[in-house]
Every structure is written in C-alpha cells, then in structure tokens.
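*Asks:* One structure, as structure tokens, below. Some questions next.
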Amino acid sequence: EMVSVIIAAAGQGKRMGRGMNKVLIPLLGKPVLAHTVMAASAGQNVDNVIVTAAPEEMEVVVNLLTGLNLSVSWQVVAGGSERQHSIANALAAVPDSTEIIVVHDGARPLVEQTLFDQAIAMARQYRAAIVAVPVKNTIKSADDAGWVTGTPDRRMLWAVQTPQAFEARLLRSAYEQAAHDGYLGTDDAALVERLGAKVKIVPGSYRNLKITTPEDIIIAETLLAHRQEATDD
Ligand code: CTP
Ligand code: MG
C-alpha cells in the first residue's frame, strides 16, 4: 500500500507581509518548509513526497530538500496560481501505484508524525480523513454591513487543518470533477464532499498551527523551543 504525501509550498505568503514566501522563513534557524518536510517524511508509513514550489523558487526548494538527506523518494513540481491548482499539478506527478494520497500545507511545520499516521490509517478505513480541532471561540455569521446573522452551535464546528488523507482514486476523481465544474474549494476535503463521499475527522492538535500572519512566527518558535526542551535530557 503505497503512500504519497503532497506538500503545498507554492504560495506567496501575502498575509505575512514580508515580501517573500513564508515557507522559506527560518524558525529556530531552519526554514519552515524544512521542519514540515522532516515531520511528513518521518516514520514508516510514507513512501514518496511531492512538494509544490512557485516556478521561480523550484531551485531553492530543490536545494533545501537535497540538504535534508531524506530517506523517502521526493520530487518538486511547479505550483499554480491557487492552492488547488498547485495540488492538481502535484497529483499529476503522483505515481499510479499510490493507494493513499496525503495533502499537507508546507506552512504547518509543527505537525507531528502521529497525525500523519492517524490520517493515513483512517483513510485506509474510510477513504477520506481530515485532521481538525474543535473551535475554541464562538463563531458568528454576519452580512456585508457587519450585522450578525446567526450563531452556529459551536459543538458542531471544527477548525480544519492538514494533513488530509484520501484513497487516491477518490481524490483524483474529486479534482477532475472540480476542474470540470470550475469549482474552487478552500480545502481538499471540500472537493471530495461534493462527490457525496463521507469524510472522517481525526482529532488534531492546537499546536499544528498554520503560519499565516507575523505573530504565528513567534508562537511557532516558542512551541518548537518548548518541544526541543522536552526532548533534551
Ligand atoms: N499554496 C500553494 N500554491 C498556491 C497557494 C498556496 O502551494 N498557489 C500553499 C502555501 O505555500 C501554503 C499552503 O498552500 O503552504 C496554505 O496556503 P496559505 O496559508 O494561504 O499560504 P499562502 O497562499 O502562501 O499565504 P497568503 O494566502 O497569505 O498569500
Ligand atoms: Mg493563500
């Protein structure tokens, strides 16, 4: 049962406001993407890693991955203008022999290997599994003028993360259907849900944050330092 992991790293990091791709920003001296790829390729479950990079960053990303001396096979493919297009390009490079495809954000460097293991195991059982955490805040909906329109029951709400793992055939059909319909989703599971397939939630970790805005760098470095302290004796 071959498993391929797609790591999306072809964004621009606009909300970070540094004028560079946030996955190349160092966290405790190592680029965000290096932390992410190390976590994703650790363990026995993953055979193959495909990283999407912006066309002008292919070389820097290849050099970064070469320096990691990974024990799994890997390749870098050019991303597209939207995350979904980047993943679609990566899907075309996933070997036909792959049975499980895992999609993960390059910008989630604090992910732990156990989340990959659990998502993969659940995808084998249920065809589609996504990591998510219960929302901590009360969420309201509002209209364009800023008037509250409703308060959904928080007990039913989950903040979705990656990894998201799928049976390869299911994810490929979902991407084909989305392309055919011109549908752009905000996560991979949304494409699979459109096919009517059921998606199982794997309870995740609040530490698995996505590096998005400047304060996330400070939080991520603190969490990483804390983790290193806990493993040093
Ligand atoms: N991503 C990608 N291709 C794109 C856009 C995003 O591979 N065309 C990747 C990013 O590199 C990131 C992940 O998808 O690791 C999640 O996207 P997001 O957090 O939105 O990152 P950016 O698009 O880079 O950030 P921003 O939206 O602030 O510009
Ligand atoms: Mg984005």
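Residue numbering restarts at 1 in every chain; chains get A, B, ... in the order shown in the structure tokens, and ligands count up from 1 in that same order.
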Pick out the residues sitting within 9 Å of range 42-45 of chain A, and hand them over as number ranges by chain; count only C-alpha atoms, and ignore anything fewer than 5 positions along from it in its own chain.
*Replies:* A: 2-3, 37, 70-72, 113-114, 116-117, 120
*Asks:* For C-alpha atoms, I'd like the residues from the last selection saved as a compact mmCIF listing (two decimals), in the first residue's frame.
*Replies:*
```
# COMPACT_ATOMS: atom_id res chain seq x y z
CA MET A 2 2.00 2.91 -1.28
CA VAL A 3 1.51 6.35 0.33
CA VAL A 37 9.08 18.01 5.23
CA LEU A 70 15.54 12.31 3.17
CA SER A 71 15.12 8.54 3.29
CA VAL A 72 11.99 8.68 1.09
CA GLN A 113 4.19 12.36 12.70
CA THR A 114 1.35 10.72 14.65
CA PHE A 116 0.08 11.58 9.51
CA ASP A 117 -0.08 8.02 10.85
CA ILE A 120 -3.39 7.51 6.77
```
*Asks:* Could you pull out the residues in range 26-153 of chain A that DSSP calls strand (DSSP E or B) from the backbone, as a ChimeraX atom specification?
*Replies:* /A:26-27,30-31,48-53,73-78,98-105,128-134,141-142,148-150
*Asks:* Could those residues be written to a file, using N, CA and C atoms, as a compact mmCIF listing (two decimals), in the first residue's frame?
*Replies:*
```
# COMPACT_ATOMS: atom_id res chain seq x y z
N PRO A 26 13.06 31.33 8.29
CA PRO A 26 13.61 30.41 9.28
C PRO A 26 12.84 30.41 10.59
N LEU A 27 12.70 29.22 11.17
CA LEU A 27 12.16 29.02 12.53
C LEU A 27 13.27 28.35 13.31
N LYS A 30 16.02 27.05 10.92
CA LYS A 30 15.71 26.18 9.78
C LYS A 30 14.46 26.66 9.09
N PRO A 31 14.40 26.67 7.74
CA PRO A 31 13.20 27.16 7.08
C PRO A 31 11.95 26.38 7.50
N ASN A 48 6.76 8.44 -0.46
CA ASN A 48 7.07 9.36 -1.53
C ASN A 48 6.55 10.76 -1.16
N VAL A 49 7.36 11.79 -1.37
CA VAL A 49 6.95 13.16 -1.04
C VAL A 49 7.04 14.02 -2.30
N ILE A 50 5.98 14.78 -2.57
CA ILE A 50 5.97 15.70 -3.71
C ILE A 50 5.71 17.10 -3.17
N VAL A 51 6.62 18.02 -3.43
CA VAL A 51 6.49 19.38 -2.93
C VAL A 51 6.17 20.30 -4.10
N THR A 52 5.14 21.15 -3.93
CA THR A 52 4.85 22.14 -4.97
C THR A 52 5.62 23.42 -4.64
N ALA A 53 6.26 23.99 -5.65
CA ALA A 53 7.02 25.23 -5.47
C ALA A 53 6.64 26.21 -6.57
N SER A 73 11.69 8.83 -1.34
CA SER A 73 11.90 9.47 -2.64
C SER A 73 11.09 10.77 -2.66
N TRP A 74 11.60 11.75 -3.35
CA TRP A 74 10.89 13.05 -3.37
C TRP A 74 11.07 13.73 -4.72
N GLN A 75 10.17 14.64 -5.01
CA GLN A 75 10.33 15.48 -6.20
C GLN A 75 9.65 16.82 -5.97
N VAL A 76 10.05 17.81 -6.75
CA VAL A 76 9.47 19.15 -6.65
C VAL A 76 8.76 19.43 -7.97
N VAL A 77 7.50 19.87 -7.89
CA VAL A 77 6.76 20.22 -9.11
C VAL A 77 6.30 21.68 -9.03
N ALA A 78 6.12 22.29 -10.17
CA ALA A 78 5.71 23.70 -10.22
C ALA A 78 4.26 23.82 -9.76
N THR A 98 0.34 4.55 -6.25
CA THR A 98 -0.04 5.11 -4.94
C THR A 98 -1.49 4.81 -4.61
N GLU A 99 -1.73 4.27 -3.41
CA GLU A 99 -3.11 3.98 -2.99
C GLU A 99 -3.67 5.06 -2.08
N ILE A 100 -2.79 5.68 -1.29
CA ILE A 100 -3.24 6.74 -0.37
C ILE A 100 -2.45 8.00 -0.67
N ILE A 101 -3.18 9.11 -0.86
CA ILE A 101 -2.54 10.41 -1.07
C ILE A 101 -2.86 11.30 0.13
N VAL A 102 -1.83 11.87 0.71
CA VAL A 102 -1.99 12.78 1.84
C VAL A 102 -1.63 14.18 1.34
N VAL A 103 -2.46 15.16 1.67
CA VAL A 103 -2.14 16.54 1.31
C VAL A 103 -1.85 17.31 2.60
N HIS A 104 -0.75 18.07 2.59
CA HIS A 104 -0.36 18.82 3.78
C HIS A 104 0.17 20.19 3.38
N ASP A 105 -0.11 21.19 4.21
CA ASP A 105 0.38 22.55 3.97
C ASP A 105 1.84 22.67 4.37
N ALA A 128 -11.56 8.79 3.23
CA ALA A 128 -11.22 10.21 3.35
C ALA A 128 -11.16 10.58 4.83
N ALA A 129 -10.06 11.18 5.26
CA ALA A 129 -9.90 11.54 6.67
C ALA A 129 -9.15 12.86 6.78
N ILE A 130 -9.67 13.75 7.62
CA ILE A 130 -9.03 15.07 7.76
C ILE A 130 -8.76 15.38 9.23
N VAL A 131 -7.65 16.02 9.47
CA VAL A 131 -7.30 16.43 10.83
C VAL A 131 -8.01 17.75 11.14
N ALA A 132 -8.64 17.83 12.31
CA ALA A 132 -9.36 19.04 12.70
C ALA A 132 -9.42 19.13 14.23
N VAL A 133 -9.63 20.34 14.73
CA VAL A 133 -9.76 20.56 16.18
C VAL A 133 -11.08 21.29 16.46
N PRO A 134 -11.69 21.03 17.63
CA PRO A 134 -12.92 21.76 17.98
C PRO A 134 -12.63 23.27 18.04
N SER A 141 -22.01 34.36 12.09
CA SER A 141 -22.06 34.77 10.70
C SER A 141 -22.57 36.21 10.68
N ALA A 142 -22.19 36.95 9.63
CA ALA A 142 -22.60 38.35 9.53
C ALA A 142 -22.78 38.72 8.07
N VAL A 148 -24.83 40.90 12.62
CA VAL A 148 -24.82 39.47 12.89
C VAL A 148 -26.07 38.81 12.31
N THR A 149 -25.85 37.68 11.63
CA THR A 149 -26.99 36.96 11.06
C THR A 149 -27.24 35.63 11.75
N GLY A 150 -26.30 35.19 12.60
CA GLY A 150 -26.55 33.92 13.28
C GLY A 150 -25.38 33.47 14.13
```
*Asks:* For ligand 1, list the contacting residues at 10 Å or closer, counting only C-alpha atoms and all ligand atoms, as a ChimeraX atom specification.
*Replies:* /A:6-17,19-24,32-33,36,51-54,78-87,89-90,103-109,161-162,186-187,210-213
*Asks:* Identify which of the residues A:Ala92, A:Ala230, A:Arg154, A:Gly185 lies closest to ligand 2, counting only C-alpha atoms and all ligand atoms when measuring atom-to-atom distances.
*Replies:*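 Checking each candidate against ligand 2, we get A:Gly185 as the closest.
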*Asks:* Give the alpha helix (DSSP H) residues of range 21-127 of chain A, as assigned by DSSP on the backbone, as a PyMOL selection string.
*Replies:* chain A and resi 32-41+58-66+83-93+113-126
*Asks:* Convert the current residue selection to file output with C-alpha atoms, as a PDB file, in the first residue's frame.
*Replies:*
```
ATOM      1  CA  VAL A  32       9.528  26.486   7.878  1.00  0.00           C
ATOM      2  CA  LEU A  33       9.388  24.068   4.921  1.00  0.00           C
ATOM      3  CA  ALA A  34      12.358  22.047   6.233  1.00  0.00           C
ATOM      4  CA  HIS A  35      10.540  21.435   9.532  1.00  0.00           C
ATOM      5  CA  THR A  36       7.392  20.440   7.629  1.00  0.00           C
ATOM      6  CA  VAL A  37       9.077  18.011   5.227  1.00  0.00           C
ATOM      7  CA  MET A  38      11.046  16.364   8.035  1.00  0.00           C
ATOM      8  CA  ALA A  39       7.863  15.742  10.019  1.00  0.00           C
ATOM      9  CA  ALA A  40       5.961  14.476   6.971  1.00  0.00           C
ATOM     10  CA  SER A  41       8.633  12.014   5.880  1.00  0.00           C
ATOM     11  CA  MET A  58      11.987  25.492  -7.855  1.00  0.00           C
ATOM     12  CA  GLU A  59      15.756  25.655  -7.487  1.00  0.00           C
ATOM     13  CA  VAL A  60      15.819  26.960  -3.906  1.00  0.00           C
ATOM     14  CA  VAL A  61      13.277  24.316  -2.865  1.00  0.00           C
ATOM     15  CA  VAL A  62      15.225  21.511  -4.609  1.00  0.00           C
ATOM     16  CA  ASN A  63      18.382  22.657  -2.798  1.00  0.00           C
ATOM     17  CA  LEU A  64      16.565  22.802   0.526  1.00  0.00           C
ATOM     18  CA  LEU A  65      15.218  19.237   0.091  1.00  0.00           C
ATOM     19  CA  THR A  66      18.586  17.906  -1.090  1.00  0.00           C
ATOM     20  CA  ARG A  83      -3.514  26.215  -3.876  1.00  0.00           C
ATOM     21  CA  GLN A  84      -5.990  23.909  -5.624  1.00  0.00           C
ATOM     22  CA  HIS A  85      -4.103  24.316  -8.909  1.00  0.00           C
ATOM     23  CA  SER A  86      -0.829  23.565  -7.149  1.00  0.00           C
ATOM     24  CA  ILE A  87      -2.287  20.327  -5.742  1.00  0.00           C
ATOM     25  CA  ALA A  88      -3.724  19.426  -9.160  1.00  0.00           C
ATOM     26  CA  ASN A  89      -0.225  19.747 -10.670  1.00  0.00           C
ATOM     27  CA  ALA A  90       1.207  17.581  -7.896  1.00  0.00           C
ATOM     28  CA  LEU A  91      -1.497  14.936  -8.417  1.00  0.00           C
ATOM     29  CA  ALA A  92      -0.317  14.507 -11.998  1.00  0.00           C
ATOM     30  CA  ALA A  93       3.121  13.579 -10.600  1.00  0.00           C
ATOM     31  CA  GLN A 113       4.194  12.356  12.705  1.00  0.00           C
ATOM     32  CA  THR A 114       1.350  10.719  14.646  1.00  0.00           C
ATOM     33  CA  LEU A 115      -1.170  12.952  12.847  1.00  0.00           C
ATOM     34  CA  PHE A 116       0.081  11.585   9.508  1.00  0.00           C
ATOM     35  CA  ASP A 117      -0.081   8.021  10.850  1.00  0.00           C
ATOM     36  CA  GLN A 118      -3.645   8.502  12.103  1.00  0.00           C
ATOM     37  CA  ALA A 119      -4.892  10.254   8.952  1.00  0.00           C
ATOM     38  CA  ILE A 120      -3.395   7.507   6.766  1.00  0.00           C
ATOM     39  CA  ALA A 121      -4.910   4.732   8.879  1.00  0.00           C
ATOM     40  CA  MET A 122      -8.339   6.407   8.823  1.00  0.00           C
ATOM     41  CA  ALA A 123      -8.167   6.988   5.047  1.00  0.00           C
ATOM     42  CA  ARG A 124      -7.473   3.265   4.575  1.00  0.00           C
ATOM     43  CA  GLN A 125     -10.597   2.536   6.582  1.00  0.00           C
ATOM     44  CA  TYR A 126     -12.970   5.324   5.463  1.00  0.00           C
TER      45      TYR A 126
END
```
*Asks:* Please compute the CA of Gln177 in chain A-CA of Ala189 in chain A distance, one decimal, in Å.
*Replies:*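 Straight-line distance from CA of Gln177 in chain A to CA of Ala189 in chain A works out to 13.1 Å.
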*Asks:* Looking at only C-alpha atoms, which of A:Leu110, A:Val5, A:Asp144, A:Leu170 is the one that sits closest to His226 in chain A?
*Replies:*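 Among the listed residues, the smallest separation from His226 in chain A belongs to A:Leu110.
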*Asks:* When you draw a straight line from CA of Asn208 in chain A to CA of Ser97 in chain A, how long is it in Å?
*Replies:*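 About the pair CA of Asn208 in chain A and CA of Ser97 in chain A: they are 29.6 Å apart.
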